[in-house]
Amino acid sequence: MAVIEASELRRTYRTTTGTIRRRRVEVEAVRGISFEVAEGELFGLLGPNGAGKTTTIKMLITLLVPTSGSARVLGHDVVREAGEVRRRVGYVFGGERGVYERLSALDNLRYFAELYGVPGREQKTRIAELLDLVGLTGREKERVEGYSRGMRQRLHIARGLLHDPPVLFLDEPTIGLDPVGARELRAMIATLAESGKTILLTTHYMFEADSLCDRIAVIAKGKIVAEGTPQQLKGGVAEGWVVEIEVYGIEDVVLDRLRAVPGVRAVAVEERDQAQLVVVQTDSGQELTHALLSRMDGAAVGRVSSREPTLEDAYVALVGES
Amino acid sequence: MRALRLILTGWRFHVKSLTLSAFFLLTSAIQPILFATMAYFMFRAGSTEQSLLYVALGSGLMGIWSSTLFGSGGAISWQRWQGTLEVSIAAPAPFVLVLIPITLATATIGLYSLTATLLWGKLFFGVPFDLEHPLLFLLSIPATIVGLGMLGLVLAASFVLYRNANAMSNLLEFPVWLVTGLLVPLSLFPGWVEPISWVLAPTWGVRAIRDAALGGGDPVGAILMSLGLAVVYLGIGTVLIGYFERLARERATLSLT
Ligand SMILES: Nc1ncnc2c1ncn2[C@@H]1O[C@H](COP(=O)(O)OP(=O)(O)O)[C@@H](O)[C@H]1O
Ligand SMILES: [Mg+2]
């Protein structure tokens, strides 16, 4: 039996915009998502900002009711059996918020231990163990206000693990961390996965999903656009070729012209210091370079190069297509 | 047992958190001075034949009510901003047991307001502090806190659902002071106000405290009424919170984004 099962999950948000003339708008954040995560698996939900990752996670941990579709965690329905689900899952999101700033890490953990139903006599050892695991031992009596981002994030993790949940949901846990902090956190996540926990991780970093996850679902605009092991996803673009063209200012019409060239799979623009880099993914050989350049009259073109595709390109192609 | 433990731990946690809030402390430090001064001048104006202590106790209770009202609502808004509202709801503990300690803590902090009003009154205006029934007075205070805290619970429930319920808090401060007889005696109001006052815990809280301090009346009855209402509020609060929590999950109002 799968530990996490999502079936045709959808979620729309109703909001209003405009101050004077208020209009109702509906945002379709998640548009029919299905996937399964097996026991002990580290499953990655990879997608750009606004793709619907957080919304999906919040439905799975009972914070949001799906507009339609259903989901189960360890066999318990996330809407009808919210209490059962809450007992069995841990939830950690990235960023600064989610703990009581004015109090110490120890105060926070004691309070949440009570909320998460950790039996009184086990609390002390459990909290000490977790402080040790996340490397906060010795700093636990300081107020969280004075913590660095990395320390806060590790406190979050300790909080999420208090009740030793078999299933963990990590929503962009490395966001805002410096490279060293992020690497330490990834190592910690890998350790947790090895210890047998089922983990659903969201990220918008390709390499993070690649290095950590057993399986990845790429999500864009509320839909899953590809799913598989990192190897399988790379395979999807292996035979292609990437042309990179440096330009100084480029208009959307030109990009559209490039997209229309036969054999072009995806076109993306990356901002560089002074210039932009137009990354064109093609089906095959280098011979397209000429055809591409001929459609770019008017643009100031700099260096042109070509290379083999990486997993990053696979991701950009998938997200760009949707 | 677990529930009691959770309430106690949560109460300690939130009292600590509130006393570390500079803004909250500043308000609680300044308000009593305003209230005590107001009480004194009202007394001087001679609108009442009551004693100075009677008036001072009423204004002290106004402070407890303000603290509960703004504290309970504010605590929810603050937690939503801080991201801890979602974390608390995602926890397996029933959400009402998460909220009870918060509203009790804000009512408890209001106690400071009562103490400060009495102290200020004694130091600057010579308000005497002689208690008729010291033991009952000591009992009347926790009974009042519990009554107000549970009324705060009912209010806090609506803050879970409505992201801008603050406007409502502002509307509820002054009328409740009036209708519960904290500011001026209830006898000054038309008859239809009285039944409203009966269902509001501050009415019985201030009666219990005043009667215990000054003698007369029925302090024991008022204490029991305050506690009885607390039970009723708890029931209403529990139902509302269960309902509003579900609605908040549908309408996505648990977080800011
Ligand atoms: N509470 C909300 N109200 C309205 N729109 C929202 C709300 N939360 C998210 N959205 C919108 O839903 C979409 C998906 O958001 P989200 O799930 O947070 O994406 P991700 O986590 O992948 O960045 C975005 O367009 C976002 O603006
Ligand atoms: Mg997100």
# chains A, B, ... in the order shown; residues from 1 in each chain; ligands from 1

$ residues_near_ligand --ligand "ligand 2" --cutoff "9 Å" --atoms "only C-alpha atoms and all ligand atoms" --output "ChimeraX atom specification"
/A:48-55,57,93-94,171-172,202-204

$ residues_around --residues "B:Ala105" --least-positions-apart "4" --cutoff "6 Å" --atoms "only C-alpha atoms" --output "NGL selection string"
:B and (11 or 14-15 or 101)

$ write_last_selection --atoms "N, CA and C atoms" --output "short mmCIF file (atom, residue, chain, number, x, y, z; two decimals), in the first residue's frame"
data_model
loop_
_atom_site.label_atom_id
_atom_site.label_comp_id
_atom_site.auth_asym_id
_atom_site.auth_seq_id
_atom_site.Cartn_x
_atom_site.Cartn_y
_atom_site.Cartn_z
N TRP B 11 -0.67 27.58 28.86
CA TRP B 11 -0.91 28.83 29.60
C TRP B 11 0.43 29.45 30.03
N HIS B 14 2.26 30.83 26.96
CA HIS B 14 1.74 32.06 26.38
C HIS B 14 1.85 33.25 27.33
N VAL B 15 1.73 33.00 28.64
CA VAL B 15 1.95 34.11 29.58
C VAL B 15 3.38 34.60 29.40
N PRO B 101 -5.56 27.98 26.34
CA PRO B 101 -4.45 28.57 27.08
C PRO B 101 -4.12 29.98 26.61
#

$ select_by_dssp --residues "stretch 2-77 of chain A" --states "alpha helix (DSSP H)" --output "mmCIF file with C-alpha atoms, in the first residue's frame"
data_model
loop_
_atom_site.group_PDB
_atom_site.id
_atom_site.type_symbol
_atom_site.label_atom_id
_atom_site.label_comp_id
_atom_site.auth_asym_id
_atom_site.auth_seq_id
_atom_site.Cartn_x
_atom_site.Cartn_y
_atom_site.Cartn_z
ATOM 1 C CA LYS A 53 3.653 22.805 -4.465
ATOM 2 C CA THR A 54 2.686 24.406 -1.160
ATOM 3 C CA THR A 55 -1.000 24.102 -1.961
ATOM 4 C CA THR A 56 -0.555 20.385 -2.653
ATOM 5 C CA ILE A 57 1.326 19.834 0.603
ATOM 6 C CA LYS A 58 -1.238 21.775 2.602
ATOM 7 C CA MET A 59 -4.009 19.573 1.276
ATOM 8 C CA LEU A 60 -2.053 16.488 2.257
#

$ interface_residues --of "chain B" --to "chain A" --cutoff "9 Å" --atoms "only C-alpha atoms" --output "JSON, numbers by chain"
{"B": [2, 5, 6, 9, 10, 13, 16, 17, 18, 20, 21, 79, 81, 82, 83, 84, 85, 86, 87, 88, 89, 90, 91, 92, 93, 94, 97, 98, 246, 247, 248, 249, 250, 251, 252, 254]}

$ closest_atom_pairs --of "chain B" --to "ligand 1" --cutoff "8 Å" --atoms "only C-alpha atoms and all ligand atoms" --output "tab-separated table"
residue	atom	partner	partner_atom_place_in_ligand_line	distance
B:Ala252	CA	ligand 1	1 (N)	5.4
B:Thr253	CA	ligand 1	1 (N)	6.8
B:Ser255	CA	ligand 1	1 (N)	7.0
B:Leu256	CA	ligand 1	1 (N)	6.8
B:Thr257	CA	ligand 1	1 (N)	4.4

$ atom_distance --atom1 "atom CA of B:Phe159" --atom2 "atom CA of A:Leu161"
28.7 Å

$ residues_around --residues "stretch 171-176 of chain B" --least-positions-apart "3" --cutoff "12 Å" --atoms "only C-alpha atoms" --output "MDAnalysis selection string"
chainID B and resid 59 61:71 73 148 151:152 155 165:168 179:184 186 193 196:203

$ write_last_selection --atoms "C-alpha atoms" --output "CSV table (one decimal), in the first residue's frame"
chain,number,residue,atom,x,y,z
B,59,SER,CA,-11.8,50.3,36.1
B,61,LEU,CA,-11.7,45.1,35.4
B,62,MET,CA,-12.0,47.2,32.3
B,63,GLY,CA,-8.3,46.6,31.9
B,64,ILE,CA,-8.7,42.8,32.2
B,65,TRP,CA,-11.5,43.0,29.6
B,66,SER,CA,-9.4,45.1,27.2
B,67,SER,CA,-6.4,42.7,27.6
B,68,THR,CA,-8.6,39.7,27.0
B,69,LEU,CA,-10.3,41.2,24.0
B,70,PHE,CA,-7.3,42.5,22.2
B,71,GLY,CA,-5.0,39.8,23.5
B,73,GLY,CA,-7.9,38.4,18.8
B,148,LEU,CA,-13.3,36.4,30.7
B,151,LEU,CA,-15.5,34.7,26.6
B,152,GLY,CA,-12.2,35.5,24.8
B,155,LEU,CA,-14.1,35.7,20.2
B,165,ALA,CA,-11.8,40.6,12.8
B,166,ASN,CA,-9.8,43.4,14.5
B,167,ALA,CA,-12.5,45.8,13.6
B,168,MET,CA,-14.9,43.8,15.7
B,179,VAL,CA,-23.2,47.0,29.6
B,180,THR,CA,-21.5,45.0,32.3
B,181,GLY,CA,-21.5,47.9,34.8
B,182,LEU,CA,-17.7,48.4,34.9
B,183,LEU,CA,-17.8,52.0,34.1
B,184,VAL,CA,-21.1,53.2,35.6
B,186,LEU,CA,-26.1,49.3,35.6
B,193,VAL,CA,-29.8,46.2,29.0
B,196,ILE,CA,-27.7,41.4,28.1
B,197,SER,CA,-25.4,42.0,31.1
B,198,TRP,CA,-26.4,38.7,32.6
B,199,VAL,CA,-24.9,36.7,29.8
B,200,LEU,CA,-21.6,38.6,29.9
B,201,ALA,CA,-19.0,37.2,32.3
B,202,PRO,CA,-17.5,40.6,33.2
B,203,THR,CA,-20.8,41.5,34.9

$ select_by_dssp --residues "stretch 10-78 of chain A" --states "strand (DSSP E)" --output "number ranges by chain"
A: 10-17, 23-37, 42-46, 68-73, 76-77

$ closest_residue --among "A:Ile157, A:Ile250, A:Val118, A:Val269" --to "A:Ala300" --atoms "only C-alpha atoms"
A:Ile250

$ closest_residue --among "B:Arg80, B:Arg12, B:Arg163, B:Lys122" --to "B:Thr103" --atoms "only C-alpha atoms"
B:Arg12

$ residues_around --residues "A:Gly228" --least-positions-apart "6" --cutoff "8 Å" --atoms "only C-alpha atoms" --output "list in words"
Arg215, Ile216 and Ala217 of chain A

$ residues_around --residues "A:Gly40" --least-positions-apart "2" --cutoff "9 Å" --atoms "only C-alpha atoms" --output "list of chain:residue names"
A:Val3, A:Val37, A:Ala38, A:Leu42, A:Pro166, A:Val167, A:Ala193, A:Glu194, A:Ser195, A:Gly196, A:Lys197, A:Thr198, A:Ile199

$ residues_around --residues "A:Val243" --least-positions-apart "3" --cutoff "12 Å" --atoms "only C-alpha atoms" --output "number ranges by chain"
A: 240, 246, 258, 264-269, 277-293, 303-309, 313

$ decode --residues "stretch 152-165 of chain B" --atoms "all heavy atoms" --output "CSV table (one decimal), in the first residue's frame"
chain,number,residue,atom,x,y,z
B,152,GLY,N,-13.3,35.2,25.8
B,152,GLY,CA,-12.2,35.5,24.8
B,152,GLY,C,-12.1,34.3,23.8
B,152,GLY,O,-11.9,34.5,22.6
B,153,LEU,N,-12.4,33.1,24.3
B,153,LEU,CA,-12.3,31.9,23.4
B,153,LEU,C,-13.4,32.0,22.3
B,153,LEU,O,-13.1,31.7,21.1
B,153,LEU,CB,-12.6,30.7,24.3
B,153,LEU,CG,-12.4,29.3,23.5
B,153,LEU,CD1,-11.0,29.1,23.2
B,153,LEU,CD2,-13.0,28.2,24.4
B,154,VAL,N,-14.6,32.4,22.7
B,154,VAL,CA,-15.6,32.6,21.7
B,154,VAL,C,-15.2,33.6,20.6
B,154,VAL,O,-15.4,33.4,19.4
B,154,VAL,CB,-17.0,33.0,22.4
B,154,VAL,CG1,-18.0,33.2,21.3
B,154,VAL,CG2,-17.4,31.9,23.4
B,155,LEU,N,-14.6,34.7,21.1
B,155,LEU,CA,-14.1,35.7,20.2
B,155,LEU,C,-13.0,35.2,19.3
B,155,LEU,O,-12.9,35.4,18.1
B,155,LEU,CB,-13.7,36.9,20.9
B,155,LEU,CG,-14.8,37.7,21.7
B,155,LEU,CD1,-14.2,38.7,22.6
B,155,LEU,CD2,-15.7,38.3,20.7
B,156,ALA,N,-12.0,34.5,19.9
B,156,ALA,CA,-10.9,34.0,19.2
B,156,ALA,C,-11.3,33.1,18.1
B,156,ALA,O,-10.7,33.1,17.0
B,156,ALA,CB,-9.9,33.3,20.2
B,157,ALA,N,-12.4,32.3,18.3
B,157,ALA,CA,-12.9,31.4,17.2
B,157,ALA,C,-13.1,32.2,16.0
B,157,ALA,O,-12.7,31.7,14.9
B,157,ALA,CB,-14.1,30.7,17.7
B,158,SER,N,-13.7,33.4,16.1
B,158,SER,CA,-14.0,34.1,14.9
B,158,SER,C,-12.8,34.7,14.2
B,158,SER,O,-12.7,34.8,13.0
B,158,SER,CB,-15.0,35.2,15.2
B,158,SER,OG,-14.7,35.9,16.3
B,159,PHE,N,-11.7,34.9,15.0
B,159,PHE,CA,-10.5,35.4,14.4
B,159,PHE,C,-9.8,34.3,13.6
B,159,PHE,O,-9.0,34.6,12.7
B,159,PHE,CB,-9.5,35.8,15.5
B,159,PHE,CG,-9.7,37.3,15.9
B,159,PHE,CD1,-10.7,37.6,16.7
B,159,PHE,CD2,-8.9,38.2,15.4
B,159,PHE,CE1,-10.9,39.0,17.1
B,159,PHE,CE2,-9.1,39.6,15.7
B,159,PHE,CZ,-10.1,39.9,16.6
B,160,VAL,N,-10.1,33.0,13.9
B,160,VAL,CA,-9.5,32.0,13.1
B,160,VAL,C,-10.0,32.0,11.7
B,160,VAL,O,-9.3,31.8,10.7
B,160,VAL,CB,-9.8,30.6,13.8
B,160,VAL,CG1,-9.4,29.5,12.9
B,160,VAL,CG2,-9.2,30.5,15.1
B,161,LEU,N,-11.3,32.3,11.6
B,161,LEU,CA,-11.9,32.4,10.2
B,161,LEU,C,-11.7,33.7,9.5
B,161,LEU,O,-11.3,33.7,8.4
B,161,LEU,CB,-13.4,32.0,10.4
B,161,LEU,CG,-14.2,32.0,9.1
B,161,LEU,CD1,-13.6,30.9,8.2
B,161,LEU,CD2,-15.6,31.7,9.3
B,162,TYR,N,-11.9,34.8,10.2
B,162,TYR,CA,-11.9,36.1,9.6
B,162,TYR,C,-10.5,36.7,9.8
B,162,TYR,O,-10.1,37.0,11.0
B,162,TYR,CB,-13.0,37.0,10.1
B,162,TYR,CG,-14.3,36.4,9.9
B,162,TYR,CD1,-15.1,35.9,10.9
B,162,TYR,CD2,-14.9,36.4,8.6
B,162,TYR,CE1,-16.3,35.3,10.7
B,162,TYR,CE2,-16.1,35.9,8.3
B,162,TYR,CZ,-16.8,35.3,9.4
B,162,TYR,OH,-18.0,34.8,9.1
B,163,ARG,N,-9.8,37.1,8.7
B,163,ARG,CA,-8.5,37.6,8.8
B,163,ARG,C,-8.5,39.0,9.3
B,163,ARG,O,-7.5,39.5,9.9
B,163,ARG,CB,-7.8,37.5,7.5
B,163,ARG,CG,-7.1,36.2,7.4
B,163,ARG,CD,-6.3,36.1,6.1
B,163,ARG,NE,-7.1,35.9,5.0
B,163,ARG,CZ,-6.7,35.4,3.8
B,163,ARG,NH1,-5.4,35.0,3.7
B,163,ARG,NH2,-7.5,35.2,2.8
B,164,ASN,N,-9.7,39.7,9.2
B,164,ASN,CA,-9.7,41.1,9.7
B,164,ASN,C,-10.8,41.3,10.7
B,164,ASN,O,-11.6,42.2,10.6
B,164,ASN,CB,-9.8,42.1,8.6
B,164,ASN,CG,-10.6,41.6,7.4
B,164,ASN,OD1,-11.4,40.7,7.7
B,164,ASN,ND2,-10.5,42.2,6.3
B,165,ALA,N,-10.8,40.5,11.7
B,165,ALA,CA,-11.8,40.6,12.8
B,165,ALA,C,-11.4,41.7,13.8
B,165,ALA,O,-12.2,41.9,14.7
B,165,ALA,CB,-11.9,39.2,13.5
